[in-house]
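Q: One file is attached below, my_file_0.cif, containing mmCIF, C-alpha atoms.
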data_upload
#
loop_
_atom_site.group_PDB
_atom_site.id
_atom_site.type_symbol
_atom_site.label_atom_id
_atom_site.label_comp_id
_atom_site.auth_asym_id
_atom_site.auth_seq_id
_atom_site.Cartn_x
_atom_site.Cartn_y
_atom_site.Cartn_z
ATOM 1 C CA MET A 1 -28.916 50.678 14.757
ATOM 2 C CA ASN A 2 -29.165 50.609 18.530
ATOM 3 C CA SER A 3 -26.618 48.276 20.121
ATOM 4 C CA PHE A 4 -27.417 46.930 23.536
ATOM 5 C CA GLU A 5 -25.767 45.134 26.397
ATOM 6 C CA TRP A 6 -27.342 42.384 28.422
ATOM 7 C CA THR A 7 -26.844 40.197 31.435
ATOM 8 C CA VAL A 8 -28.805 37.612 33.386
ATOM 9 C CA VAL A 9 -29.164 38.104 37.131
ATOM 10 C CA GLY A 10 -30.587 35.795 39.746
ATOM 11 C CA SER A 11 -33.594 36.928 41.758
ATOM 12 C CA ASP A 12 -36.194 35.618 44.181
ATOM 13 C CA ILE A 13 -38.460 34.953 41.181
ATOM 14 C CA GLY A 14 -35.845 33.266 39.003
ATOM 15 C CA PRO A 15 -33.309 34.504 36.470
ATOM 16 C CA LEU A 16 -33.990 37.896 34.887
ATOM 17 C CA LEU A 17 -32.482 39.102 31.631
ATOM 18 C CA LEU A 18 -31.683 42.814 31.763
ATOM 19 C CA ALA A 19 -30.850 44.690 28.569
ATOM 20 C CA ALA A 20 -29.808 48.326 28.177
ATOM 21 C CA THR A 21 -29.007 50.732 25.370
ATOM 22 C CA ASN A 22 -27.192 54.038 25.674
ATOM 23 C CA ASP A 23 -30.587 55.596 26.505
ATOM 24 C CA GLY A 24 -31.313 53.313 29.455
ATOM 25 C CA LEU A 25 -32.811 50.003 30.486
ATOM 26 C CA VAL A 26 -34.769 48.686 27.494
ATOM 27 C CA SER A 27 -35.920 45.210 28.503
ATOM 28 C CA VAL A 28 -36.493 42.918 31.465
ATOM 29 C CA VAL A 29 -37.339 39.278 30.741
ATOM 30 C CA PHE A 30 -38.610 36.775 33.315
ATOM 31 C CA HIS A 31 -37.524 33.128 33.607
ATOM 32 C CA ALA A 32 -34.386 33.806 31.553
ATOM 33 C CA GLY A 33 -32.939 30.333 31.304
ATOM 34 C CA ALA A 34 -30.852 29.593 28.202
ATOM 35 C CA ARG A 35 -33.775 29.005 25.825
ATOM 36 C CA VAL A 36 -35.763 32.071 26.926
ATOM 37 C CA ARG A 37 -32.600 34.178 27.002
ATOM 38 C CA ASP A 38 -31.569 33.226 23.461
ATOM 39 C CA ARG A 39 -35.054 33.840 22.067
ATOM 40 C CA ALA A 40 -35.311 37.217 23.848
ATOM 41 C CA LEU A 41 -31.879 38.328 22.615
ATOM 42 C CA GLY A 42 -32.828 37.433 19.048
ATOM 43 C CA GLN A 43 -36.067 39.408 19.321
ATOM 44 C CA LEU A 44 -34.270 42.396 20.850
ATOM 45 C CA ALA A 45 -31.631 42.361 18.116
ATOM 46 C CA ALA A 46 -34.351 42.329 15.451
ATOM 47 C CA ARG A 47 -36.394 45.113 17.069
ATOM 48 C CA LEU A 48 -33.464 47.344 18.007
ATOM 49 C CA GLY A 49 -31.514 46.695 14.822
ATOM 50 C CA GLY A 50 -28.310 46.008 16.740
ATOM 51 C CA GLU A 51 -26.273 43.106 17.957
ATOM 52 C CA PRO A 52 -26.351 42.090 21.597
ATOM 53 C CA ALA A 53 -23.183 42.198 23.629
ATOM 54 C CA GLU A 54 -22.884 40.522 26.996
ATOM 55 C CA SER A 55 -22.287 43.356 29.428
ATOM 56 C CA ALA A 56 -18.668 44.411 29.530
ATOM 57 C CA SER A 57 -19.190 47.976 30.718
ATOM 58 C CA ASP A 58 -20.847 49.594 33.696
ATOM 59 C CA ARG A 59 -24.082 50.208 31.737
ATOM 60 C CA LEU A 60 -25.913 47.502 33.714
ATOM 61 C CA ALA A 61 -24.120 47.856 37.051
ATOM 62 C CA GLU A 62 -26.661 50.295 38.500
ATOM 63 C CA PRO A 63 -29.732 48.362 37.300
ATOM 64 C CA ILE A 64 -28.274 45.165 38.801
ATOM 65 C CA ARG A 65 -27.674 46.902 42.131
ATOM 66 C CA ARG A 66 -31.186 48.333 42.197
ATOM 67 C CA PHE A 67 -32.803 44.979 41.386
ATOM 68 C CA GLU A 68 -30.837 43.410 44.255
ATOM 69 C CA GLU A 69 -32.063 46.163 46.597
ATOM 70 C CA TYR A 70 -35.661 45.724 45.418
ATOM 71 C CA PHE A 71 -35.621 42.003 46.166
ATOM 72 C CA ALA A 72 -33.904 42.654 49.515
ATOM 73 C CA GLY A 73 -36.828 44.939 50.413
ATOM 74 C CA THR A 74 -34.702 48.091 50.656
ATOM 75 C CA ARG A 75 -35.716 49.759 47.361
ATOM 76 C CA ARG A 76 -39.226 50.863 46.482
ATOM 77 C CA ASP A 77 -38.560 52.769 43.251
ATOM 78 C CA PHE A 78 -36.049 51.788 40.591
ATOM 79 C CA GLY A 79 -35.429 55.379 39.424
ATOM 80 C CA LEU A 80 -33.500 54.246 36.348
ATOM 81 C CA PRO A 81 -33.245 55.896 32.936
ATOM 82 C CA LEU A 82 -35.495 53.931 30.594
ATOM 83 C CA ASP A 83 -35.355 53.423 26.844
ATOM 84 C CA TRP A 84 -39.007 53.436 25.697
ATOM 85 C CA SER A 85 -38.202 52.501 22.084
ATOM 86 C CA LEU A 86 -39.891 49.075 22.302
ATOM 87 C CA THR A 87 -43.338 50.572 22.939
ATOM 88 C CA SER A 88 -45.399 53.330 21.369
ATOM 89 C CA GLY A 89 -48.840 54.920 21.141
ATOM 90 C CA PHE A 90 -51.514 53.924 23.633
ATOM 91 C CA ASN A 91 -49.331 51.208 25.159
ATOM 92 C CA ARG A 92 -46.536 53.687 25.898
ATOM 93 C CA GLN A 93 -49.021 56.156 27.379
ATOM 94 C CA VAL A 94 -50.441 53.483 29.692
ATOM 95 C CA LEU A 95 -47.005 52.183 30.703
ATOM 96 C CA ARG A 96 -45.713 55.674 31.481
ATOM 97 C CA GLU A 97 -48.765 56.346 33.655
ATOM 98 C CA LEU A 98 -48.222 53.038 35.416
ATOM 99 C CA ALA A 99 -44.536 53.816 36.008
ATOM 100 C CA SER A 100 -45.199 57.254 37.464
ATOM 101 C CA GLY A 101 -48.602 56.854 39.078
ATOM 102 C CA VAL A 102 -48.758 53.474 40.832
ATOM 103 C CA PRO A 103 -46.211 53.390 43.655
ATOM 104 C CA TYR A 104 -44.731 50.440 45.515
ATOM 105 C CA GLY A 105 -47.213 48.651 47.745
ATOM 106 C CA THR A 106 -50.318 49.788 45.851
ATOM 107 C CA VAL A 107 -52.435 48.357 43.058
ATOM 108 C CA VAL A 108 -54.678 49.805 40.370
ATOM 109 C CA GLY A 109 -57.483 48.269 38.340
ATOM 110 C CA TYR A 110 -57.296 47.893 34.568
ATOM 111 C CA GLY A 111 -60.343 50.165 34.184
ATOM 112 C CA GLU A 112 -58.969 52.825 36.512
ATOM 113 C CA LEU A 113 -55.704 52.892 34.582
ATOM 114 C CA ALA A 114 -57.691 53.309 31.359
ATOM 115 C CA GLU A 115 -59.519 56.279 32.903
ATOM 116 C CA ARG A 116 -56.229 57.839 34.022
ATOM 117 C CA VAL A 117 -55.019 57.963 30.417
ATOM 118 C CA GLY A 118 -58.304 59.416 29.196
ATOM 119 C CA GLN A 119 -59.723 56.214 27.704
ATOM 120 C CA PRO A 120 -62.554 55.058 29.977
ATOM 121 C CA GLY A 121 -63.832 51.702 28.847
ATOM 122 C CA ALA A 122 -60.449 50.607 27.490
ATOM 123 C CA ALA A 123 -59.671 48.124 30.280
ATOM 124 C CA GLN A 124 -58.998 45.309 27.785
ATOM 125 C CA ALA A 125 -56.610 47.549 25.849
ATOM 126 C CA VAL A 126 -54.830 48.282 29.138
ATOM 127 C CA GLY A 127 -54.515 44.521 29.631
ATOM 128 C CA ALA A 128 -52.918 44.251 26.194
ATOM 129 C CA ALA A 129 -50.506 47.055 27.108
ATOM 130 C CA MET A 130 -49.526 45.137 30.243
ATOM 131 C CA GLY A 131 -48.914 42.027 28.135
ATOM 132 C CA SER A 132 -46.570 43.944 25.840
ATOM 133 C CA ASN A 133 -44.634 45.677 28.644
ATOM 134 C CA PRO A 134 -40.932 45.380 27.770
ATOM 135 C CA LEU A 135 -39.880 46.561 31.252
ATOM 136 C CA PRO A 136 -41.801 44.524 33.836
ATOM 137 C CA LEU A 137 -40.915 45.176 37.485
ATOM 138 C CA VAL A 138 -39.496 48.604 36.629
ATOM 139 C CA VAL A 139 -42.783 49.491 34.925
ATOM 140 C CA PRO A 140 -44.812 47.586 37.516
ATOM 141 C CA CYS A 141 -47.506 45.726 35.561
ATOM 142 C CA HIS A 142 -47.703 43.296 38.484
ATOM 143 C CA ARG A 143 -49.545 46.110 40.330
ATOM 144 C CA VAL A 144 -52.482 46.045 37.893
ATOM 145 C CA VAL A 145 -55.381 43.898 39.097
ATOM 146 C CA GLU A 146 -59.007 43.192 38.265
ATOM 147 C CA SER A 147 -61.679 45.476 39.706
ATOM 148 C CA ASP A 148 -63.164 42.583 41.713
ATOM 149 C CA GLY A 149 -59.822 41.968 43.427
ATOM 150 C CA GLY A 150 -58.682 39.144 41.152
ATOM 151 C CA LEU A 151 -55.061 39.097 40.095
ATOM 152 C CA GLY A 152 -55.743 39.290 36.361
ATOM 153 C CA GLY A 153 -53.023 38.078 34.028
ATOM 154 C CA PHE A 154 -49.268 38.412 34.108
ATOM 155 C CA GLY A 155 -46.581 37.649 31.551
ATOM 156 C CA GLY A 156 -44.282 36.266 34.238
ATOM 157 C CA GLY A 157 -46.986 33.895 35.507
ATOM 158 C CA LEU A 158 -49.502 34.336 38.304
ATOM 159 C CA GLU A 159 -47.235 32.800 40.938
ATOM 160 C CA THR A 160 -44.584 35.392 40.106
ATOM 161 C CA LYS A 161 -47.220 38.145 40.356
ATOM 162 C CA ARG A 162 -48.280 36.802 43.767
ATOM 163 C CA GLN A 163 -44.656 36.775 44.959
ATOM 164 C CA LEU A 164 -44.071 40.355 43.820
ATOM 165 C CA LEU A 165 -47.272 41.623 45.439
ATOM 166 C CA ALA A 166 -46.335 39.774 48.647
ATOM 167 C CA LEU A 167 -42.853 41.344 48.565
ATOM 168 C CA GLU A 168 -44.510 44.761 48.328
ATOM 169 C CA GLY A 169 -46.918 43.987 51.191
ATOM 170 C CA VAL A 170 -50.082 43.912 49.068
ATOM 171 C CA LEU A 171 -50.676 40.188 49.616
ATOM 172 C CA PRO A 172 -49.682 38.017 52.566
ATOM 173 C CA GLN A 173 -46.467 36.062 52.245
ATOM 174 C CA PRO A 174 -47.033 32.456 51.153
ATOM 175 C CA LEU A 175 -47.104 29.944 53.988
ATOM 176 C CA PHE A 176 -44.677 27.563 52.261
#
What's the structure tokens form of this structure?
A:
Amino acid sequence: MNSFEWTVVGSDIGPLLLAATNDGLVSVVFHAGARVRDRALGQLAARLGGEPAESASDRLAEPIRRFEEYFAGTRRDFGLPLDWSLTSGFNRQVLRELASGVPYGTVVGYGELAERVGQPGAAQAVGAAMGSNPLPLVVPCHRVVESDGGLGGFGGGLETKRQLLALEGVLPQPLF
């Protein structure tokens, strides 16, 4: 059983649910209105085998501060302890490479990321790993793009991906 704490924080891209265990940040969920929040908490409880507790300790204080700094443009790396228990195998390998090897303000192609983990030709599998990323933003799947320059997919929606890439200076800021 792995109990976890959670909170919802406001951001430039809408409410984010942050969840942490004793090992570190375990989940970030986009668009965390009441319905999404409740569904995500139920899924986390089932996968972690513990009951969620709205944050009453300082476990999430540092992640909250770092998210605020990121959206203010003063933080480029979250540098938080992460709990990788919601991912395994190839997906974990890809996500760890993404977290350590694709810095703020840069992008990587799905195929290139596949090559980096020793699986050339596994671009679609990399896409699936991005879709299952339990820690978006911190493990920056928004920085993975198509080889022809297209945005590719994104669990938080393409507009959210555009906003994040604009924040990091990869794309121009929207006009409106």
Q: In Å to one decimal, how far is CA of Asp77 in chain A from CA of Leu164 in chain A?
A: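 Those two atoms sit 13.6 Å apart.
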Q: Using all atoms listed in the file, determine which residues lie at most 10 Å from Leu60 in chain A, disregarding the query and same-chain residues fewer than 4 positions distant; provide the list as a count of residues only.
A: 13
Q: From the options A:Leu135, A:Val108, A:Leu113, A:Ala34, which residue's atoms come nearest to Thr87 in chain A, counting all atoms listed in the file?
A: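 Of A:Leu135, A:Val108, A:Leu113, A:Ala34, the one nearest Thr87 in chain A, counting all atoms listed in the file, is A:Leu135.
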Q: Find the spatial neighbours of range 144-146 of chain A, counting only C-alpha atoms, within a cut-off of 9 Å - ignore same-chain residues fewer than 3 positions away - and output them as a ChimeraX atom specification.
A: /A:98,102,107-111,113,127,130,140-141,149-153
Q: Using Å and a single decimal, report how far CA of Pro52 in chain A sits from CA of Tyr70 in chain A.
A: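 CA of Tyr70 in chain A sits 25.8 Å away from CA of Pro52 in chain A.
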Q: Quick one: residues within 6 Å of range 12-16 of chain A, only C-alpha atoms counted, chain neighbours fewer than 2 positions away excluded, as a list of chain:residue names?
A: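 Everything that qualifies: A:Val8, A:Val9, A:Gly10, A:Val29, A:Phe30, A:His31, A:Ala32.
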Q: Show me the residues around (-29.1, 49.3, 43.3) - criterion: an atom at most 10 Å away, only C-alpha atoms counted - as a list of chain:residue names.
A: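 Checking each residue against the 10 Å limit leaves A:Ala61, A:Glu62, A:Pro63, A:Ile64, A:Arg65, A:Arg66, A:Phe67, A:Glu68, A:Glu69, A:Tyr70, A:Thr74, A:Arg75, A:Phe78, A:Gly79, A:Leu80.
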Q: So, counting only C-alpha atoms, which residue among A:Ala114, A:Val28, A:Ala125, A:Phe71 is closest to Gln163 in chain A?
A: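 Distance minimum relative to Gln163 in chain A lands on A:Phe71.
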Q: Quote the spacing between CA of Asp58 in chain A and CA of Asp38 in chain A in Å to one decimal place.
A: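 Computed distance, CA of Asp58 in chain A to CA of Asp38 in chain A, equals 22.1 Å.
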